[in-house]
Amino acid sequence: MSRRISNGRIGANTVRFSFDGVQYEGREGDSLASALLANDRLLIGRSFKYHRPRGVLCLGSEEPNALVTIGTGGSQTPNTRATVQELYDGLSAVSQNRFPSLKFDLLSVNDRLSRFLTAGFYYKTFMWPRSFWESVYEPMIRRAAGLGRLSEVEDEAQYDKGFLHCDTLVIGGGVAGIEAALGAAAKGDQVILCEEFSRLGGAALFESAPLGPIDGLLAQLAKHENVRVMTRTTVQGAYDHGVYSAVTLNTDHLSQPSAKAPRQTLWRIYSNRAVLATGAHERMIAFDNNDRPGVMLCSAVRGYLNYYGVLAGDSCVVFGCHDDARKTVVDLQAAGAKVVWVDTRASHQAVEGVESFTSARVVNTRGRHRVTAVEIEQQGRRFWIKCEALAVSGGWNPRIQLTCHQGGRPVWSAAIGGFVPGDKLPPGMRVVGAAAGELLEENWEPAWDLSVNGAAFVDPQNDVTVKDIKLAHQEGYVSVEHLKRYTTLGMATDQGKNANALGIGVLSQHSGELIEAVGTTLFRPPYTPVAIGALAGRSRGKEFKPTRLTPSHEFATRRGAAFVTVGNWLRASYFPVAGETHWRESVDREALAVRQAVGVCDVTTLGKIDVQGRDAAEFLNRVYANGFLKLPVGKTRYGLMLREDGIVFDDGTAARLAENHFVVTTTTANAVSVYRHMEFVHQCLAPELDVHLISTTEAWAQFAVAGPKSRELVQRVVDMDISNEAFGFMACAETKLIDGTPARLFRISFSGELAYELAVPTRFGNSLMETLLDVGADLGAVPYGTEALGVLRIEKGHAAGNELDGRTTALNLGLGQMVAQTKDSIGRVLANRTELAQSSVRLVGFRSEQQILTGSWLIPIGASAEQANTLGWVSSACYSPNLGCYIAIGFIRDAHEYMDTQMRAVSLLDAKDVRVSVVSPHFVDPEGERLRV
Amino acid sequence: MLINHPLLGPRDAQEFVYKGDASLLRRPDSNAEDALERFTDYAYLRDNPAGEHRELWYHEQGDRSWLVVTRNTLTHEVLDVQLASEVGR
């Protein structure tokens, strides 16, 4: 039986844990795998497709079989490698992919059917009927073939991200890595040394040789303050310019992790140089039933014995094709096991007292839930030998994954029988030790497919057998890339660590091609599976993106406003008052109040850009399609901005506060891109201009005060004369409030009413909002939100984001005359090209007694509702409380022909077909008289 | 990827916004006889070479400099970085 025979190199303290509800004892320092083996618990999981019984194969993170689910609820982690999971008191693990239990799995019938479930089975079988794939076949297959499940409960633990810089990053804390770190540290480098295991030492920890030399190296390392050692940290990817990603498992080994400590940390490491010292791991040989629990790699059998003190069995067979297997023979014999050594080679250095078979091979194994005997073939003679464990080694695979992340292609080394890094490495990377193929020349002879029946597993996690590879080859999948995708060889969560080299060897053996010619598939990040939580870090839920609050947010919250998300902004959409039960009641009331009295709206979210310098006017003249050179100081002008291809980009206002000082506004949505564009025009196209830009969107709180009584209200708070004579339409000024607060005042209107926009430094915004509504109470002042703002601008036919949709020109918007032809501005030339200049599409208005939906297509009366018959589309729609009907604006072709006619606004998505009248888009005060009073 | 900013030193590419082919620096003369043709090329035609490429990057999460970066698109090697405002057009 598999049992603990010593403390090995771990602690002696007892730790209690459970597996599938059964209580066990392990030792401090155990992995879950070693603790289960110490309890003779060999059966740990069921395979992906055939549901075959599986146990532990490896020692480290390359483990393909022993995947379990750790914990419950929010912290439940499926697909955890038992070989990596450190034991802690109270650990609870359960097996996966079995029903109803691990020992009696109904779906193991798939194993009996394996004859039919070969490569491409799903593709070939579940083709028909087509509609069955999503509804029937896929859910069924997913239920049958699966890994662990998520609990679907949110993980409360923190995940974090961090950034590190170093001269030299050493990946792998074995002897080669420690020596590399010491060398770099001695030169004065800042060094980071990352090790996946919980302690440094690498492969040497798991060998029988004493650890004295390792301790010596560690003592030297401790003397260097410029070395940062990071254990439980796996380097996952190599990126451009010396950037590496790594994940540290901070608390997954703790019984009671602190709630404050991040569970995992994703690091971005910037390095000048990197040393890859990741060592090598062993691979399997393909023989029939090579996947039974109790069949392990030689290095794993040795490691569990030497490090964890666990002996795999009292009688063991060791099967190999190179000298390294001998170490396992020696260690097992020293531990008191009865050992039989099977070697494919003609001769080897015998071990006294061990029965050896040379020029021999293992061809099969027996045993239901664990191996009980192996069949050996020697010189045509076959016989069974009873055993409790079988240790196998088909050779070594250097861990070269990170050398491929920048396009490097591994090359085959016949000397070691493995793939080693090619010439092309990520810049700055050096590969040392076993990862480079050093120390691995051990008289290796090829041992790939030694099976008789082909039920020999090459990729144990994806259940890819020798038979599948042969079939794929017969069907013409000769490229190794095609083989991989057809059979799923190497596509499991171990990313081909176990399967790739063996599969390529098997393909080579059967195709007769040299391995060099077969080649290998490459590796991508991550090196081991990474939890989504680690990639997300703190960017979860509300923290996924920042929330920007308007200056009057506190006021709006207190008033019970309903909020709407606009990009990152949270804006008040309307302010319900007592008795209002439907949003339309509030919006109608607010829109009417603005037209009849006065309303106040927070418009801070509009982009604000300060433009200063001797050439500020010249600069704006180039950026805007209309002219700005002659704008007098103290005046504001509407500006239309085009893209270079002649399409409208954005609109807004530019106020000239001083000869060399403008304040530009943009739409909320384009605040960032307009600023970027203006910097582009300045730095890339006109660097000779003396102009400086800065975004002041968040520096100033700005409020629209709109309505016939707005002058009366604004006059009560600002310390200047704002009569029509002193401060006419489109005037602007730097001023102050009566309490001395600095302010900017603009007489501009989005609503079509007499209106002002008043700006104060952001920190005074909330109190200004309160003050305006306080002192305006007798005037009937109300706050209004984005909904009423939208109603008011649609009533005026003002274009906004829905109209400036990246397809419309100034001409389409009815603003064609704004594009000045006598100057050079962005977009002027291409706005004049025939295709755009001859467009008959124009912005028009629509009225109806029924609701018009935004996005409706306009169809002539009597025509069928299909694409070919569309005249245009509805871009914005609302109910107009001022007109008492539904209105909309949108675009139609040949607009002048359809004016004052009827057509239909059709939304097939909403099954709406509404008769509308085509009218001018200026529904309210078309002459603009109210603005100027 | 790192971009060696002429004023700020090496900065992560995540801080930048990519604009593409630096031919955008050579805006045609809008008064030229064949301005329409030249602007059509300017607005729509871009080089997309496999190898050395001059391109525009904007340090949006930094000092807002527009940079002209000469980069090998096959290896991501950055060969030269200049401020767009100082580069010869």
# chains A, B, ... in the order shown; residues from 1 in each chain; ligands from 1
call {"tool": "closest_atom_pairs", "arguments": {"of": "chain A", "to": "chain B", "cutoff": "9 Å", "atoms": "only C-alpha atoms", "output": "tab-separated table"}}
result
residue	atom	partner	partner_atom	distance
A:Tyr239	CA	B:Met1	CA	7.2
A:Asp240	CA	B:Met1	CA	4.8
A:His241	CA	B:Met1	CA	5.6
A:Gly242	CA	B:Met1	CA	8.2
A:Val243	CA	B:Met1	CA	7.3
A:Gln406	CA	B:Thr75	CA	8.3
A:Glu644	CA	B:Ala43	CA	6.5
A:Asp645	CA	B:Ala43	CA	6.1
A:Arg676	CA	B:Glu60	CA	7.7
A:Glu679	CA	B:Arg64	CA	7.7
A:Phe680	CA	B:Trp66	CA	6.8
A:His682	CA	B:Ser85	CA	8.1
A:Gln683	CA	B:Ser85	CA	4.7
A:Cys684	CA	B:Ala84	CA	5.5
A:Leu685	CA	B:Leu25	CA	6.1
A:Ala686	CA	B:Ser85	CA	8.1
A:Pro687	CA	B:Ser85	CA	5.3
A:Glu688	CA	B:Ser85	CA	8.4
A:Lys823	CA	B:Ser30	CA	9.0
A:Asp824	CA	B:Ser30	CA	6.4
A:Ser825	CA	B:Ser30	CA	8.7
A:Arg828	CA	B:Ser30	CA	8.4
A:Val829	CA	B:Leu36	CA	6.1
A:Leu830	CA	B:Leu36	CA	6.5
A:Asn832	CA	B:Leu36	CA	8.5
A:Arg833	CA	B:Leu36	CA	7.3
call {"tool": "write_last_selection", "arguments": {"atoms": "N, CA and C atoms", "output": "PDB file, in the first residue's frame"}}
result
ATOM      1  N   TYR A 239       6.326  38.955 -22.250  1.00  0.00           N
ATOM      2  CA  TYR A 239       5.771  39.911 -23.192  1.00  0.00           C
ATOM      3  C   TYR A 239       6.887  40.788 -23.751  1.00  0.00           C
ATOM      4  N   ASP A 240       6.501  41.725 -24.617  1.00  0.00           N
ATOM      5  CA  ASP A 240       7.489  42.583 -25.257  1.00  0.00           C
ATOM      6  C   ASP A 240       8.324  43.365 -24.247  1.00  0.00           C
ATOM      7  N   HIS A 241       9.564  43.574 -24.616  1.00  0.00           N
ATOM      8  CA  HIS A 241      10.446  44.514 -23.924  1.00  0.00           C
ATOM      9  C   HIS A 241      10.674  44.148 -22.464  1.00  0.00           C
ATOM     10  N   GLY A 242      10.792  42.863 -22.179  1.00  0.00           N
ATOM     11  CA  GLY A 242      11.163  42.448 -20.827  1.00  0.00           C
ATOM     12  C   GLY A 242      10.036  42.531 -19.812  1.00  0.00           C
ATOM     13  N   VAL A 243       8.780  42.573 -20.271  1.00  0.00           N
ATOM     14  CA  VAL A 243       7.651  42.593 -19.343  1.00  0.00           C
ATOM     15  C   VAL A 243       7.181  41.150 -19.122  1.00  0.00           C
ATOM     16  N   GLN A 406       7.243  34.829 -27.277  1.00  0.00           N
ATOM     17  CA  GLN A 406       7.555  35.890 -28.231  1.00  0.00           C
ATOM     18  C   GLN A 406       7.864  35.292 -29.609  1.00  0.00           C
ATOM     19  N   GLU A 644     -11.460  64.791 -40.659  1.00  0.00           N
ATOM     20  CA  GLU A 644     -10.779  65.101 -41.910  1.00  0.00           C
ATOM     21  C   GLU A 644     -11.523  64.517 -43.111  1.00  0.00           C
ATOM     22  N   ASP A 645     -12.342  63.472 -42.902  1.00  0.00           N
ATOM     23  CA  ASP A 645     -13.069  62.894 -44.036  1.00  0.00           C
ATOM     24  C   ASP A 645     -14.355  63.646 -44.349  1.00  0.00           C
ATOM     25  N   ARG A 676      -8.192  65.036 -27.466  1.00  0.00           N
ATOM     26  CA  ARG A 676      -7.131  64.290 -28.138  1.00  0.00           C
ATOM     27  C   ARG A 676      -6.922  64.825 -29.561  1.00  0.00           C
ATOM     28  N   GLU A 679      -5.225  68.238 -29.527  1.00  0.00           N
ATOM     29  CA  GLU A 679      -3.777  68.088 -29.296  1.00  0.00           C
ATOM     30  C   GLU A 679      -3.093  67.560 -30.560  1.00  0.00           C
ATOM     31  N   PHE A 680      -3.784  66.691 -31.273  1.00  0.00           N
ATOM     32  CA  PHE A 680      -3.223  66.170 -32.521  1.00  0.00           C
ATOM     33  C   PHE A 680      -3.038  67.305 -33.530  1.00  0.00           C
ATOM     34  N   HIS A 682      -2.743  70.415 -32.976  1.00  0.00           N
ATOM     35  CA  HIS A 682      -1.682  71.332 -32.557  1.00  0.00           C
ATOM     36  C   HIS A 682      -0.300  70.731 -32.719  1.00  0.00           C
ATOM     37  N   GLN A 683      -0.083  69.560 -32.088  1.00  0.00           N
ATOM     38  CA  GLN A 683       1.278  69.001 -32.061  1.00  0.00           C
ATOM     39  C   GLN A 683       1.718  68.415 -33.400  1.00  0.00           C
ATOM     40  N   CYS A 684       0.776  67.829 -34.127  1.00  0.00           N
ATOM     41  CA  CYS A 684       1.161  67.110 -35.342  1.00  0.00           C
ATOM     42  C   CYS A 684       0.988  67.943 -36.606  1.00  0.00           C
ATOM     43  N   LEU A 685       0.016  68.851 -36.623  1.00  0.00           N
ATOM     44  CA  LEU A 685      -0.244  69.581 -37.857  1.00  0.00           C
ATOM     45  C   LEU A 685       0.182  71.043 -37.779  1.00  0.00           C
ATOM     46  N   ALA A 686       0.118  71.622 -36.582  1.00  0.00           N
ATOM     47  CA  ALA A 686       0.419  73.051 -36.484  1.00  0.00           C
ATOM     48  C   ALA A 686       1.264  73.368 -35.261  1.00  0.00           C
ATOM     49  N   PRO A 687       2.433  72.722 -35.139  1.00  0.00           N
ATOM     50  CA  PRO A 687       3.240  72.952 -33.935  1.00  0.00           C
ATOM     51  C   PRO A 687       3.780  74.385 -33.864  1.00  0.00           C
ATOM     52  N   GLU A 688       3.751  75.090 -35.013  1.00  0.00           N
ATOM     53  CA  GLU A 688       4.277  76.459 -35.026  1.00  0.00           C
ATOM     54  C   GLU A 688       3.342  77.431 -34.304  1.00  0.00           C
ATOM     55  N   LYS A 823     -11.294  79.446 -45.915  1.00  0.00           N
ATOM     56  CA  LYS A 823     -10.153  79.176 -45.038  1.00  0.00           C
ATOM     57  C   LYS A 823      -9.873  77.678 -45.028  1.00  0.00           C
ATOM     58  N   ASP A 824      -8.697  77.319 -44.520  1.00  0.00           N
ATOM     59  CA  ASP A 824      -8.356  75.901 -44.387  1.00  0.00           C
ATOM     60  C   ASP A 824      -8.788  75.430 -43.008  1.00  0.00           C
ATOM     61  N   SER A 825      -9.673  74.443 -42.974  1.00  0.00           N
ATOM     62  CA  SER A 825     -10.024  73.846 -41.677  1.00  0.00           C
ATOM     63  C   SER A 825     -10.106  72.337 -41.870  1.00  0.00           C
ATOM     64  N   ARG A 828     -12.648  70.351 -44.427  1.00  0.00           N
ATOM     65  CA  ARG A 828     -13.313  71.173 -45.441  1.00  0.00           C
ATOM     66  C   ARG A 828     -13.215  70.554 -46.820  1.00  0.00           C
ATOM     67  N   VAL A 829     -12.029  70.126 -47.210  1.00  0.00           N
ATOM     68  CA  VAL A 829     -11.831  69.647 -48.583  1.00  0.00           C
ATOM     69  C   VAL A 829     -12.714  68.434 -48.862  1.00  0.00           C
ATOM     70  N   LEU A 830     -12.691  67.472 -47.947  1.00  0.00           N
ATOM     71  CA  LEU A 830     -13.431  66.245 -48.234  1.00  0.00           C
ATOM     72  C   LEU A 830     -14.940  66.400 -47.999  1.00  0.00           C
ATOM     73  N   ASN A 832     -16.516  68.632 -49.292  1.00  0.00           N
ATOM     74  CA  ASN A 832     -16.989  69.142 -50.579  1.00  0.00           C
ATOM     75  C   ASN A 832     -17.025  68.082 -51.671  1.00  0.00           C
ATOM     76  N   ARG A 833     -16.568  66.876 -51.370  1.00  0.00           N
ATOM     77  CA  ARG A 833     -16.550  65.884 -52.460  1.00  0.00           C
ATOM     78  C   ARG A 833     -17.980  65.573 -52.899  1.00  0.00           C
TER      79      ARG A 833
END
call {"tool": "residues_around", "arguments": {"residues": "segment 222-225 of chain A", "least_positions_apart": "5", "cutoff": "10 Å", "atoms": "only C-alpha atoms", "output": "list in words"}}
result
Ala181, Leu182, Ala185, Ala186, Gly188, Gln190, Val191 and Leu217 of chain A
call {"tool": "closest_residue", "arguments": {"among": "B:Leu45, B:Ala13, B:Ala32, B:Leu79", "to": "Gly62 of chain B", "atoms": "only C-alpha atoms"}}
result
B:Ala13
call {"tool": "residues_around", "arguments": {"residues": "Gly71 of chain A", "least_positions_apart": "2", "cutoff": "10 Å", "atoms": "only C-alpha atoms", "output": "list in words"}}
result
Val68, Thr69, Gly73, Gly74, Ser75, Gln76, Thr77, Pro78, Gly90, Leu91, Ser92, Ala93, Val94 and Ser151 of chain A
call {"tool": "write_last_selection", "arguments": {"atoms": "N, CA and C atoms", "output": "tab-separated table (two decimals), in the first residue's frame"}}
result
chain	number	residue	atom	x	y	z
A	68	VAL	N	-9.11	18.61	-8.34
A	68	VAL	CA	-10.17	18.54	-7.34
A	68	VAL	C	-10.75	19.94	-7.12
A	69	THR	N	-11.88	19.97	-6.44
A	69	THR	CA	-12.49	21.24	-6.07
A	69	THR	C	-12.21	21.48	-4.59
A	73	GLY	N	-18.85	27.41	-1.45
A	73	GLY	CA	-19.39	28.78	-1.48
A	73	GLY	C	-18.51	29.68	-2.33
A	74	GLY	N	-18.35	30.91	-1.85
A	74	GLY	CA	-17.63	31.91	-2.63
A	74	GLY	C	-16.19	31.56	-2.90
A	75	SER	N	-15.56	30.84	-1.97
A	75	SER	CA	-14.14	30.56	-2.15
A	75	SER	C	-13.92	29.24	-2.88
A	76	GLN	N	-14.99	28.57	-3.29
A	76	GLN	CA	-14.85	27.28	-3.98
A	76	GLN	C	-14.00	27.43	-5.24
A	77	THR	N	-12.98	26.58	-5.34
A	77	THR	CA	-12.07	26.67	-6.48
A	77	THR	C	-12.03	25.32	-7.19
A	78	PRO	N	-12.63	25.23	-8.36
A	78	PRO	CA	-12.59	23.96	-9.09
A	78	PRO	C	-11.24	23.77	-9.79
A	90	GLY	N	-8.31	21.67	8.18
A	90	GLY	CA	-9.69	21.93	7.80
A	90	GLY	C	-9.92	21.98	6.30
A	91	LEU	N	-8.89	21.73	5.52
A	91	LEU	CA	-9.07	21.74	4.07
A	91	LEU	C	-10.11	20.71	3.67
A	92	SER	N	-11.00	21.14	2.77
A	92	SER	CA	-12.04	20.23	2.31
A	92	SER	C	-11.99	20.18	0.80
A	93	ALA	N	-11.77	18.97	0.27
A	93	ALA	CA	-11.65	18.80	-1.18
A	93	ALA	C	-12.66	17.77	-1.65
A	94	VAL	N	-13.18	17.96	-2.84
A	94	VAL	CA	-14.07	16.95	-3.42
A	94	VAL	C	-13.62	16.65	-4.85
A	151	SER	N	-19.21	27.53	-8.03
A	151	SER	CA	-20.31	27.54	-7.06
A	151	SER	C	-21.37	28.56	-7.45
call {"tool": "select_by_dssp", "arguments": {"residues": "segment 344-508 of chain A", "states": "helix (DSSP H, G or I)", "output": "number ranges by chain"}}
result
A: 401-404, 433-436, 466-474, 480-487, 500-508
call {"tool": "write_last_selection", "arguments": {"atoms": "C-alpha atoms", "output": "CSV table (one decimal), in the first residue's frame"}}
result
chain,number,residue,atom,x,y,z
A,401,GLN,CA,7.0,27.4,-22.4
A,402,LEU,CA,8.1,31.0,-21.7
A,403,THR,CA,10.7,30.9,-24.5
A,404,CYS,CA,7.8,30.5,-27.0
A,433,GLY,CA,20.1,24.5,-16.3
A,434,ALA,CA,17.7,21.7,-17.2
A,435,ALA,CA,15.4,24.2,-19.0
A,436,ALA,CA,18.2,24.6,-21.5
A,466,VAL,CA,-2.5,6.4,-29.5
A,467,LYS,CA,-5.4,5.2,-31.5
A,468,ASP,CA,-6.7,8.8,-32.0
A,469,ILE,CA,-3.4,10.0,-33.2
A,470,LYS,CA,-3.1,7.1,-35.7
A,471,LEU,CA,-6.7,7.8,-36.9
A,472,ALA,CA,-6.0,11.5,-37.4
A,473,HIS,CA,-2.9,10.6,-39.3
A,474,GLN,CA,-4.8,8.2,-41.5
A,480,VAL,CA,1.1,18.8,-36.0
A,481,GLU,CA,-1.1,21.9,-35.7
A,482,HIS,CA,-4.0,20.1,-37.3
A,483,LEU,CA,-3.3,17.0,-35.2
A,484,LYS,CA,-3.6,19.1,-32.1
A,485,ARG,CA,-6.9,20.7,-33.0
A,486,TYR,CA,-8.5,17.5,-34.4
A,487,THR,CA,-7.6,15.3,-31.5
A,500,ASN,CA,3.0,17.4,-26.5
A,501,ALA,CA,6.4,15.8,-26.8
A,502,LEU,CA,4.9,12.3,-26.4
A,503,GLY,CA,2.2,12.9,-29.0
A,504,ILE,CA,4.8,14.2,-31.4
A,505,GLY,CA,7.0,11.2,-30.8
A,506,VAL,CA,4.0,8.9,-31.4
A,507,LEU,CA,3.2,10.7,-34.7
A,508,SER,CA,6.8,10.5,-35.8
call {"tool": "residues_around", "arguments": {"residues": "Ser23 of chain B", "least_positions_apart": "6", "cutoff": "8 Å", "atoms": "only C-alpha atoms", "output": "ChimeraX atom specification"}}
result
/B:42,46,54-55
call {"tool": "write_last_selection", "arguments": {"atoms": "C-alpha atoms", "output": "short mmCIF file (atom, residue, chain, number, x, y, z; two decimals), in the first residue's frame"}}
result
data_model
loop_
_atom_site.label_atom_id
_atom_site.label_comp_id
_atom_site.auth_asym_id
_atom_site.auth_seq_id
_atom_site.Cartn_x
_atom_site.Cartn_y
_atom_site.Cartn_z
CA TYR B 42 -4.39 61.35 -46.85
CA ARG B 46 -2.33 53.98 -44.84
CA ARG B 54 6.58 55.10 -38.35
CA GLU B 55 3.47 55.54 -36.32
#
call {"tool": "residues_around", "arguments": {"residues": "Val362 of chain A", "least_positions_apart": "2", "cutoff": "6 Å", "atoms": "only C-alpha atoms", "output": "PDB file with C-alpha atoms, in the first residue's frame"}}
result
ATOM      1  CA  ASN A 364      -0.174  -3.323 -20.147  1.00  0.00           C
ATOM      2  CA  GLU A 375       2.537  -7.013 -18.135  1.00  0.00           C
ATOM      3  CA  ILE A 376       6.101  -7.097 -19.307  1.00  0.00           C
TER       4      ILE A 376
END
call {"tool": "select_by_dssp", "arguments": {"residues": "segment 819-892 of chain A", "states": "strand (DSSP E)", "output": "list in words"}}
result
Arg842, Leu843, Val844, Gly845, Phe846, Arg847, Ser848, Trp857, Leu858, Ile859, Gly872, Trp873, Val874, Ser875, Ser876, Ala877, Cys878, Tyr879, Ser880, Cys885, Tyr886, Ile887, Ala888, Ile889, Gly890, Phe891 and Ile892 of chain A
call {"tool": "write_last_selection", "arguments": {"atoms": "N, CA and C atoms", "output": "compact mmCIF listing (two decimals), in the first residue's frame"}}
result
# COMPACT_ATOMS: atom_id res chain seq x y z
N ARG A 842 -31.56 65.18 -45.19
CA ARG A 842 -31.60 66.35 -44.30
C ARG A 842 -32.27 65.99 -42.97
N LEU A 843 -31.92 66.77 -41.97
CA LEU A 843 -32.57 66.65 -40.67
C LEU A 843 -33.97 67.26 -40.77
N VAL A 844 -34.97 66.49 -40.40
CA VAL A 844 -36.34 67.00 -40.41
C VAL A 844 -37.02 66.63 -39.09
N GLY A 845 -38.22 67.18 -38.90
CA GLY A 845 -38.98 66.84 -37.71
C GLY A 845 -40.18 65.98 -38.06
N PHE A 846 -40.69 65.28 -37.07
CA PHE A 846 -41.88 64.45 -37.26
C PHE A 846 -42.84 64.70 -36.10
N ARG A 847 -44.14 64.68 -36.42
CA ARG A 847 -45.16 64.79 -35.38
C ARG A 847 -46.09 63.61 -35.51
N SER A 848 -46.63 63.20 -34.35
CA SER A 848 -47.62 62.12 -34.41
C SER A 848 -48.44 62.13 -33.14
N TRP A 857 -37.50 53.11 -38.83
CA TRP A 857 -37.24 53.42 -40.25
C TRP A 857 -38.45 54.15 -40.80
N LEU A 858 -38.19 55.07 -41.75
CA LEU A 858 -39.28 55.83 -42.34
C LEU A 858 -39.64 55.20 -43.68
N ILE A 859 -40.91 54.85 -43.81
CA ILE A 859 -41.39 54.09 -44.96
C ILE A 859 -42.58 54.84 -45.57
N GLY A 872 -35.42 56.97 -44.66
CA GLY A 872 -34.51 57.51 -43.65
C GLY A 872 -34.78 56.88 -42.30
N TRP A 873 -34.33 57.56 -41.26
CA TRP A 873 -34.47 56.98 -39.93
C TRP A 873 -34.76 58.06 -38.89
N VAL A 874 -35.36 57.63 -37.78
CA VAL A 874 -35.65 58.52 -36.65
C VAL A 874 -34.46 58.46 -35.70
N SER A 875 -33.87 59.62 -35.39
CA SER A 875 -32.68 59.61 -34.53
C SER A 875 -33.00 59.94 -33.07
N SER A 876 -33.97 60.81 -32.83
CA SER A 876 -34.34 61.16 -31.44
C SER A 876 -35.84 61.38 -31.39
N ALA A 877 -36.46 60.93 -30.30
CA ALA A 877 -37.92 61.08 -30.21
C ALA A 877 -38.32 61.31 -28.76
N CYS A 878 -39.46 61.99 -28.57
CA CYS A 878 -39.95 62.22 -27.21
C CYS A 878 -41.42 62.64 -27.28
N TYR A 879 -42.02 62.79 -26.10
CA TYR A 879 -43.32 63.44 -26.02
C TYR A 879 -43.07 64.90 -25.72
N SER A 880 -43.72 65.77 -26.46
CA SER A 880 -43.54 67.20 -26.21
C SER A 880 -44.70 67.74 -25.40
N CYS A 885 -48.11 66.62 -28.17
CA CYS A 885 -48.11 65.45 -29.05
C CYS A 885 -46.72 64.83 -29.05
N TYR A 886 -46.59 63.69 -29.73
CA TYR A 886 -45.27 63.06 -29.85
C TYR A 886 -44.51 63.70 -31.00
N ILE A 887 -43.22 63.94 -30.78
CA ILE A 887 -42.39 64.53 -31.83
C ILE A 887 -41.10 63.74 -31.95
N ALA A 888 -40.42 63.96 -33.06
CA ALA A 888 -39.14 63.29 -33.27
C ALA A 888 -38.34 64.10 -34.28
N ILE A 889 -37.05 63.88 -34.31
CA ILE A 889 -36.23 64.38 -35.40
C ILE A 889 -35.49 63.20 -36.01
N GLY A 890 -35.11 63.35 -37.27
CA GLY A 890 -34.44 62.25 -37.96
C GLY A 890 -34.03 62.71 -39.34
N PHE A 891 -33.59 61.76 -40.12
CA PHE A 891 -33.03 62.10 -41.44
C PHE A 891 -33.82 61.38 -42.53
N ILE A 892 -34.17 62.14 -43.59
CA ILE A 892 -34.75 61.48 -44.77
C ILE A 892 -34.08 62.02 -46.02
call {"tool": "decode", "arguments": {"residues": "segment 53-64 of chain B", "atoms": "N, CA and C atoms", "output": "PDB file, in the first residue's frame"}}
result
ATOM      1  N   HIS B  53       8.078  50.654 -39.215  1.00  0.00           N
ATOM      2  CA  HIS B  53       6.884  51.466 -39.450  1.00  0.00           C
ATOM      3  C   HIS B  53       6.944  52.699 -38.563  1.00  0.00           C
ATOM      4  N   ARG B  54       6.686  53.866 -39.158  1.00  0.00           N
ATOM      5  CA  ARG B  54       6.583  55.097 -38.354  1.00  0.00           C
ATOM      6  C   ARG B  54       5.126  55.288 -37.993  1.00  0.00           C
ATOM      7  N   GLU B  55       4.868  55.432 -36.719  1.00  0.00           N
ATOM      8  CA  GLU B  55       3.468  55.535 -36.323  1.00  0.00           C
ATOM      9  C   GLU B  55       3.279  56.546 -35.199  1.00  0.00           C
ATOM     10  N   LEU B  56       2.035  56.945 -35.022  1.00  0.00           N
ATOM     11  CA  LEU B  56       1.705  57.964 -34.024  1.00  0.00           C
ATOM     12  C   LEU B  56       1.128  57.316 -32.770  1.00  0.00           C
ATOM     13  N   TRP B  57       1.657  57.714 -31.631  1.00  0.00           N
ATOM     14  CA  TRP B  57       1.139  57.277 -30.336  1.00  0.00           C
ATOM     15  C   TRP B  57       0.912  58.531 -29.491  1.00  0.00           C
ATOM     16  N   TYR B  58      -0.172  58.504 -28.734  1.00  0.00           N
ATOM     17  CA  TYR B  58      -0.554  59.661 -27.920  1.00  0.00           C
ATOM     18  C   TYR B  58      -0.493  59.267 -26.446  1.00  0.00           C
ATOM     19  N   HIS B  59       0.266  60.011 -25.675  1.00  0.00           N
ATOM     20  CA  HIS B  59       0.455  59.672 -24.256  1.00  0.00           C
ATOM     21  C   HIS B  59      -0.715  60.206 -23.437  1.00  0.00           C
ATOM     22  N   GLU B  60      -1.873  59.611 -23.657  1.00  0.00           N
ATOM     23  CA  GLU B  60      -3.097  60.152 -23.055  1.00  0.00           C
ATOM     24  C   GLU B  60      -3.087  60.073 -21.537  1.00  0.00           C
ATOM     25  N   GLN B  61      -2.582  58.957 -20.989  1.00  0.00           N
ATOM     26  CA  GLN B  61      -2.537  58.847 -19.523  1.00  0.00           C
ATOM     27  C   GLN B  61      -1.173  59.294 -19.020  1.00  0.00           C
ATOM     28  N   GLY B  62      -0.647  60.328 -19.650  1.00  0.00           N
ATOM     29  CA  GLY B  62       0.655  60.828 -19.242  1.00  0.00           C
ATOM     30  C   GLY B  62       0.701  62.311 -19.518  1.00  0.00           C
ATOM     31  N   ASP B  63       1.691  62.747 -20.288  1.00  0.00           N
ATOM     32  CA  ASP B  63       1.841  64.193 -20.496  1.00  0.00           C
ATOM     33  C   ASP B  63       1.140  64.688 -21.759  1.00  0.00           C
ATOM     34  N   ARG B  64       0.366  63.818 -22.429  1.00  0.00           N
ATOM     35  CA  ARG B  64      -0.417  64.198 -23.614  1.00  0.00           C
ATOM     36  C   ARG B  64       0.442  64.584 -24.798  1.00  0.00           C
TER      37      ARG B  64
END
